[in-house]
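Shown next: final.cif, containing mmCIF, C-alpha atoms.
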data_input
#
loop_
_atom_site.label_atom_id
_atom_site.label_comp_id
_atom_site.auth_asym_id
_atom_site.auth_seq_id
_atom_site.Cartn_x
_atom_site.Cartn_y
_atom_site.Cartn_z
CA ALA A 1 1.48 -27.43 4.47
CA ALA A 2 0.00 -25.31 7.25
CA SER A 3 1.70 -27.34 9.97
CA ASP A 4 4.98 -27.32 8.01
CA SER A 5 4.89 -23.50 7.82
CA SER A 6 4.13 -23.07 11.50
CA GLU A 7 6.84 -25.50 12.52
CA ALA A 8 9.32 -23.95 10.09
CA SER A 9 8.80 -20.45 11.40
CA SER A 10 9.01 -21.57 15.01
CA ASP A 11 12.12 -23.77 14.63
CA GLY A 12 14.12 -21.09 12.84
CA GLY A 13 14.51 -22.90 9.50
CA GLU A 14 12.38 -20.54 7.44
CA ILE A 15 10.80 -17.12 7.64
CA VAL A 16 7.22 -17.45 6.43
CA ILE A 17 5.52 -14.38 4.96
CA ALA A 18 2.30 -13.74 3.09
CA LEU A 19 2.24 -11.97 -0.26
CA ILE A 20 -1.29 -10.65 -0.79
CA SER A 21 -1.94 -8.98 -4.14
CA ASN A 22 -4.57 -8.74 -6.83
CA THR A 23 -3.19 -11.02 -9.53
CA THR A 24 -6.60 -11.50 -11.14
CA GLY A 25 -9.58 -9.23 -11.61
CA ASP A 26 -10.11 -5.78 -13.06
CA TYR A 27 -6.84 -4.30 -11.76
CA ALA A 28 -4.50 -7.28 -12.12
CA GLN A 29 -2.26 -5.07 -14.29
CA TYR A 30 -1.18 -3.43 -11.01
CA GLY A 31 -1.06 -6.49 -8.77
CA GLN A 32 0.86 -8.81 -11.07
CA PRO A 33 3.95 -6.55 -11.41
CA VAL A 34 3.99 -5.96 -7.64
CA ARG A 35 3.86 -9.72 -7.10
CA ASP A 36 6.55 -10.33 -9.72
CA GLY A 37 8.85 -7.66 -8.28
CA ALA A 38 8.48 -9.01 -4.75
CA MET A 39 9.16 -12.56 -5.90
CA LEU A 40 12.19 -11.47 -7.95
CA TYR A 41 13.68 -9.90 -4.84
CA ILE A 42 12.81 -12.79 -2.53
CA ASN A 43 14.19 -15.36 -4.98
CA GLN A 44 17.45 -13.40 -5.22
CA LEU A 45 17.54 -13.02 -1.44
CA ASN A 46 17.10 -16.76 -0.95
CA ALA A 47 19.69 -17.57 -3.64
CA ASN A 48 22.17 -15.43 -1.67
CA GLY A 49 21.56 -17.28 1.60
CA GLY A 50 18.32 -15.72 2.82
CA ILE A 51 18.16 -13.69 6.01
CA ASN A 52 20.69 -14.78 8.63
CA GLY A 53 20.85 -18.12 6.85
CA LYS A 54 17.07 -18.59 6.86
CA GLN A 55 15.14 -18.99 3.63
CA VAL A 56 12.07 -16.81 3.10
CA LYS A 57 9.01 -18.90 2.29
CA VAL A 58 6.23 -16.97 0.56
CA LEU A 59 2.58 -17.93 0.82
CA GLU A 60 0.83 -16.19 -2.09
CA TYR A 61 -2.78 -15.06 -2.02
CA ASP A 62 -4.88 -13.30 -4.66
CA ASP A 63 -7.20 -10.70 -3.11
CA LYS A 64 -8.80 -9.89 -6.51
CA GLY A 65 -8.61 -6.20 -5.58
CA ASP A 66 -11.20 -6.69 -2.81
CA GLY A 67 -10.80 -5.74 0.86
CA VAL A 68 -12.82 -8.69 2.16
CA GLU A 69 -10.70 -11.08 0.08
CA ALA A 70 -7.52 -9.43 1.41
CA VAL A 71 -8.62 -9.90 5.03
CA ASN A 72 -9.71 -13.49 4.34
CA ALA A 73 -6.30 -14.17 2.79
CA TYR A 74 -4.60 -12.62 5.82
CA ASN A 75 -6.59 -14.78 8.23
CA LEU A 76 -5.70 -17.90 6.26
CA ALA A 77 -2.06 -16.82 6.15
CA CYS A 78 -2.06 -16.38 9.94
CA ASP A 79 -3.39 -19.91 10.28
CA ASN A 80 -0.38 -20.98 8.19
CA GLY A 81 2.20 -19.41 10.51
CA ILE A 82 3.27 -16.15 8.84
CA THR A 83 5.50 -13.60 10.53
CA ALA A 84 4.85 -10.65 8.16
CA VAL A 85 2.65 -9.51 5.27
CA PHE A 86 3.64 -7.97 1.97
CA GLY A 87 0.52 -6.38 0.48
CA ALA A 88 -1.93 -5.42 -0.61
CA THR A 89 -1.44 -3.55 -3.88
CA LEU A 90 -4.52 -1.33 -4.19
CA THR A 91 -5.40 1.25 -1.55
CA GLY A 92 -8.86 -0.07 -0.55
CA PRO A 93 -7.73 -3.65 0.11
CA THR A 94 -4.56 -2.38 1.79
CA ILE A 95 -6.57 -0.28 4.27
CA ALA A 96 -8.83 -3.24 5.04
CA LEU A 97 -5.75 -5.39 5.52
CA ALA A 98 -4.09 -2.69 7.65
CA ASP A 99 -7.10 -2.68 9.98
CA ALA A 100 -6.61 -6.43 10.52
CA THR A 101 -2.82 -6.40 10.82
CA TYR A 102 -2.97 -3.45 13.22
CA GLU A 103 -5.15 -5.43 15.60
CA ASP A 104 -2.56 -8.24 15.59
CA ASN A 105 0.51 -5.95 15.41
CA MET A 106 1.59 -7.96 12.35
CA PRO A 107 4.30 -6.24 10.27
CA GLN A 108 2.86 -5.16 6.90
CA VAL A 109 4.53 -3.51 3.90
CA THR A 110 2.77 -2.19 0.80
CA ALA A 111 4.64 -1.26 -2.33
CA SER A 112 1.93 0.89 -3.83
CA ALA A 113 -0.98 1.93 -1.59
CA THR A 114 -0.87 5.72 -1.37
CA ALA A 115 -3.79 6.88 0.81
CA SER A 116 -2.98 8.44 4.17
CA GLY A 117 -5.42 5.94 5.74
CA VAL A 118 -2.98 3.12 5.10
CA THR A 119 -0.78 4.23 8.00
CA MET A 120 -3.18 6.52 9.91
CA ILE A 121 -6.31 5.30 11.68
CA ASP A 122 -8.20 8.51 10.79
CA PRO A 123 -6.43 10.68 8.21
CA ASP A 124 -8.94 13.51 8.79
CA ASP A 125 -7.79 13.81 12.41
CA PRO A 126 -4.37 15.47 12.75
CA ASP A 127 -3.97 13.73 16.14
CA SER A 128 -4.87 10.32 14.71
CA GLU A 129 -3.18 7.21 15.96
CA ILE A 130 -0.54 5.86 13.57
CA ARG A 131 -0.41 2.21 12.56
CA GLN A 132 3.18 1.60 13.63
CA ASN A 133 3.16 -1.88 12.09
CA VAL A 134 2.35 -0.72 8.53
CA PHE A 135 4.94 0.62 6.11
CA ARG A 136 4.80 1.85 2.51
CA ALA A 137 7.35 2.27 -0.26
CA CYS A 138 5.71 5.16 -2.12
CA PHE A 139 4.58 8.75 -1.68
CA ILE A 140 1.16 9.43 -0.15
CA ASP A 141 -1.74 10.99 -2.10
CA PRO A 142 -1.53 14.42 -0.41
CA TYR A 143 2.14 14.74 -1.31
CA GLN A 144 1.62 13.64 -4.93
CA GLY A 145 -1.39 15.93 -5.41
CA LYS A 146 0.45 18.89 -3.88
CA LYS A 147 3.47 18.38 -6.12
CA MET A 148 1.26 18.12 -9.22
CA ALA A 149 -0.48 21.39 -8.32
CA ASP A 150 2.85 23.09 -7.59
CA TYR A 151 4.16 21.97 -10.97
CA ALA A 152 1.04 23.15 -12.80
CA VAL A 153 1.20 26.62 -11.25
CA GLU A 154 4.95 27.17 -10.98
CA LYS A 155 6.30 25.44 -14.09
CA LEU A 156 3.35 25.52 -16.49
CA SER A 157 1.98 28.89 -15.30
CA ALA A 158 -1.50 27.36 -15.26
CA LYS A 159 -4.30 29.71 -14.26
CA THR A 160 -7.10 27.13 -14.51
CA ALA A 161 -7.29 23.36 -14.47
CA ALA A 162 -9.80 20.64 -15.24
CA ILE A 163 -9.47 17.58 -13.05
CA PHE A 164 -10.44 14.19 -14.44
CA TYR A 165 -10.72 11.43 -11.86
CA GLN A 166 -12.43 8.12 -11.31
CA THR A 167 -15.30 8.25 -8.83
CA GLY A 168 -15.07 5.42 -6.32
CA SER A 169 -11.30 4.99 -6.72
CA ASP A 170 -9.54 5.81 -3.45
CA TYR A 171 -6.34 6.57 -5.33
CA SER A 172 -7.93 8.80 -7.97
CA GLU A 173 -10.07 10.70 -5.48
CA GLY A 174 -7.15 11.12 -3.07
CA LEU A 175 -4.97 12.70 -5.74
CA MET A 176 -7.82 14.86 -7.02
CA ASN A 177 -8.63 16.20 -3.55
CA ALA A 178 -5.00 16.94 -2.75
CA PHE A 179 -4.43 18.63 -6.12
CA ALA A 180 -7.58 20.78 -5.78
CA GLU A 181 -6.76 21.77 -2.20
CA GLU A 182 -3.22 22.81 -3.09
CA ALA A 183 -4.28 24.62 -6.28
CA ARG A 184 -6.80 26.64 -4.25
CA SER A 185 -4.32 27.38 -1.43
CA GLU A 186 -3.35 30.96 -0.66
CA GLU A 187 0.16 30.27 -1.85
CA HIS A 188 -1.08 29.57 -5.39
CA THR A 189 -4.10 31.87 -5.60
CA SER A 190 -1.87 34.84 -4.84
CA GLU A 191 0.18 33.92 -7.91
CA LEU A 192 -2.86 33.99 -10.21
#
What is this file in structure tokens?
Amino acid sequence: AASDSSEASSDGGEIVIALISNTTGDYAQYGQPVRDGAMLYINQLNANGGINGKQVKVLEYDDKGDGVEAVNAYNLACDNGITAVFGATLTGPTIALADATYEDNMPQVTASATASGVTMIDPDDPDSEIRQNVFRACFIDPYQGKKMADYAVEKLSAKTAAIFYQTGSDYSEGLMNAFAEEARSEEHTSEL
């Protein structure tokens, strides 16, 4: 199959992509719908003639929600002749994957990873290099956290807040930090 994929992508008959998601493991409830949505679209795309008459062939990989597994899947996919990556689902594996795809300048799209580090090499550095090969289809953590804090202060007239988050979850901690920073900002503390 590996030689078929490489030949197919080089002769113009197919466009071979990797779909890397966590379809098993503790967070499969996030990865499975992302996988299903991507496949629904790709199946419809292929049924309507593909892209410029070329069918999109998907090589699926389960990263189990683990960054090492995501990179291993990517390396295997490269050996099988891919031209782009759709994935990963969770932020941690997506950042690990983005590090690898950036080195190869491989196009990568994530439907759901929200951390700034997905597209920025160092999100703590305002002058950080941007991964110009990585794209996302959702809002980033700082934006979501800011909007939640704005809503709490402006619409709910909240004067205090308790923040519940999951330690060790990039997503949860990213939202918590952004919410806390915005809630403590001068703009909102002057309203209190």
- Apply the PyMOL selection byres ((chain A and resi 16-32) around 10) to the file shown and report the selected residues as a ChimeraX atom specification. /A:5-6,8-10,13-15,33-39,54-66,69-71,73-74,76-78,80-90,93-94,97,107-110,112
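Taking only C-alpha atoms into account, Tyr165 (chain A) lies nearest to A:Ala180 out of the set A:Ala115, A:Ala180, A:Val153, A:Ala96.
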- Name the residues that the PyMOL selection byres ((chain A and resi 134) around 6) pulls out of this structure, and write them as number ranges by chain. A: 108-109, 119, 131-133, 135
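Counting all atoms listed in the file and comparing A:Gln166, A:Asn48, A:Thr160, A:Asn105, the residue that lies closest to His188 (chain A) is A:Thr160.
Distance annotation: of A:Thr167, A:Ala183, A:Ala158, A:Ser116, the residue with the minimal separation from Gly145 (chain A) is A:Ala183; atom set is all atoms listed in the file.
Residue nearest Pro142 (chain A) within the list A:Lys155, A:Ser169, A:Asn177, A:Asp122: A:Asn177 [criterion: smallest interatomic distance, all atoms listed in the file].
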- Item | Distance in Å - CA of Arg184 (chain A) versus CA of Asp141 (chain A) | 16.6 Å
Kindly list the centre and edge lengths in Å, rounded to one decimal, for the axis-aligned box that covers all listed atoms of region 119-124 of chain A plus 8 Å on each of its six sides, as AutoDock Vina command-line options.
--center_x -4.9 --center_y 8.9 --center_z 9.8 --size_x 24.2 --size_y 25.3 --size_z 19.7
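Proximity of A:Asn52, A:Thr114, A:Thr101, A:Gln44 to Asp170 (chain A), computed with all atoms listed in the file, is greatest for A:Thr114.
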- Nearest to Ala161 (chain A), restricted to all atoms listed in the file and choosing among A:Tyr41, A:Phe179, A:Tyr102, A:Phe139, comes out as A:Phe179
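The space between CA of Ile121 (chain A) and CA of Ala98 (chain A) spans 9.2 Å.
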Please fill the gaps in region 80-91 of chain A so it has all heavy atoms, and write that as an mmCIF file, in the frame of the given file.
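Result written to rebuild.cif:
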data_model
loop_
_atom_site.group_PDB
_atom_site.id
_atom_site.type_symbol
_atom_site.label_atom_id
_atom_site.label_comp_id
_atom_site.auth_asym_id
_atom_site.auth_seq_id
_atom_site.Cartn_x
_atom_site.Cartn_y
_atom_site.Cartn_z
ATOM 1 N N ASN A 80 -1.515 -20.261 8.777
ATOM 2 C CA ASN A 80 -0.380 -20.980 8.190
ATOM 3 C C ASN A 80 0.972 -20.497 8.710
ATOM 4 O O ASN A 80 2.002 -20.780 8.122
ATOM 5 C CB ASN A 80 -0.436 -20.899 6.666
ATOM 6 C CG ASN A 80 -1.528 -21.787 6.106
ATOM 7 O OD1 ASN A 80 -1.547 -22.984 6.354
ATOM 8 N ND2 ASN A 80 -2.448 -21.195 5.369
ATOM 9 N N GLY A 81 0.969 -19.713 9.794
ATOM 10 C CA GLY A 81 2.200 -19.410 10.510
ATOM 11 C C GLY A 81 3.055 -18.275 9.975
ATOM 12 O O GLY A 81 4.272 -18.292 10.156
ATOM 13 N N ILE A 82 2.465 -17.259 9.373
ATOM 14 C CA ILE A 82 3.270 -16.150 8.840
ATOM 15 C C ILE A 82 3.837 -15.285 9.955
ATOM 16 O O ILE A 82 3.311 -15.262 11.071
ATOM 17 C CB ILE A 82 2.466 -15.279 7.856
ATOM 18 C CG1 ILE A 82 1.269 -14.630 8.550
ATOM 19 C CG2 ILE A 82 2.065 -16.090 6.644
ATOM 20 C CD1 ILE A 82 0.678 -13.459 7.805
ATOM 21 N N THR A 83 4.901 -14.550 9.598
ATOM 22 C CA THR A 83 5.500 -13.600 10.530
ATOM 23 C C THR A 83 5.435 -12.164 10.014
ATOM 24 O O THR A 83 5.806 -11.241 10.732
ATOM 25 C CB THR A 83 6.969 -13.954 10.815
ATOM 26 O OG1 THR A 83 7.678 -13.970 9.575
ATOM 27 C CG2 THR A 83 7.089 -15.308 11.485
ATOM 28 N N ALA A 84 4.978 -11.989 8.757
ATOM 29 C CA ALA A 84 4.850 -10.650 8.160
ATOM 30 C C ALA A 84 3.981 -10.758 6.912
ATOM 31 O O ALA A 84 3.775 -11.847 6.375
ATOM 32 C CB ALA A 84 6.214 -10.075 7.798
ATOM 33 N N VAL A 85 3.494 -9.584 6.461
ATOM 34 C CA VAL A 85 2.650 -9.510 5.270
ATOM 35 C C VAL A 85 3.239 -8.497 4.302
ATOM 36 O O VAL A 85 3.597 -7.381 4.691
ATOM 37 C CB VAL A 85 1.213 -9.056 5.627
ATOM 38 C CG1 VAL A 85 0.366 -8.858 4.381
ATOM 39 C CG2 VAL A 85 0.547 -10.033 6.569
ATOM 40 N N PHE A 86 3.322 -8.897 3.047
ATOM 41 C CA PHE A 86 3.640 -7.970 1.970
ATOM 42 C C PHE A 86 2.358 -7.804 1.162
ATOM 43 O O PHE A 86 1.891 -8.745 0.545
ATOM 44 C CB PHE A 86 4.771 -8.509 1.087
ATOM 45 C CG PHE A 86 5.211 -7.518 0.048
ATOM 46 C CD1 PHE A 86 6.127 -6.536 0.357
ATOM 47 C CD2 PHE A 86 4.685 -7.557 -1.230
ATOM 48 C CE1 PHE A 86 6.520 -5.597 -0.587
ATOM 49 C CE2 PHE A 86 5.076 -6.633 -2.179
ATOM 50 C CZ PHE A 86 5.991 -5.651 -1.867
ATOM 51 N N GLY A 87 1.769 -6.610 1.205
ATOM 52 C CA GLY A 87 0.520 -6.380 0.480
ATOM 53 C C GLY A 87 -0.359 -5.443 1.260
ATOM 54 O O GLY A 87 -0.023 -5.027 2.357
ATOM 55 N N ALA A 88 -1.423 -5.116 0.725
ATOM 56 C CA ALA A 88 -1.930 -5.420 -0.610
ATOM 57 C C ALA A 88 -1.368 -4.398 -1.614
ATOM 58 O O ALA A 88 -0.522 -3.574 -1.263
ATOM 59 C CB ALA A 88 -3.445 -5.425 -0.613
ATOM 60 N N THR A 89 -1.904 -4.444 -2.835
ATOM 61 C CA THR A 89 -1.440 -3.550 -3.880
ATOM 62 C C THR A 89 -2.293 -2.289 -3.947
ATOM 63 O O THR A 89 -1.783 -1.177 -3.899
ATOM 64 C CB THR A 89 -1.463 -4.263 -5.245
ATOM 65 O OG1 THR A 89 -0.589 -5.390 -5.168
ATOM 66 C CG2 THR A 89 -1.015 -3.349 -6.362
ATOM 67 N N LEU A 90 -3.601 -2.467 -4.068
ATOM 68 C CA LEU A 90 -4.520 -1.330 -4.190
ATOM 69 C C LEU A 90 -4.825 -0.737 -2.820
ATOM 70 O O LEU A 90 -4.787 -1.429 -1.797
ATOM 71 C CB LEU A 90 -5.813 -1.779 -4.867
ATOM 72 C CG LEU A 90 -5.667 -2.413 -6.251
ATOM 73 C CD1 LEU A 90 -7.025 -2.903 -6.755
ATOM 74 C CD2 LEU A 90 -5.032 -1.439 -7.225
ATOM 75 N N THR A 91 -5.176 0.540 -2.801
ATOM 76 C CA THR A 91 -5.400 1.250 -1.550
ATOM 77 C C THR A 91 -6.538 0.666 -0.719
ATOM 78 O O THR A 91 -6.364 0.428 0.475
ATOM 79 C CB THR A 91 -5.661 2.748 -1.839
ATOM 80 O OG1 THR A 91 -4.454 3.308 -2.377
ATOM 81 C CG2 THR A 91 -6.045 3.499 -0.593
#
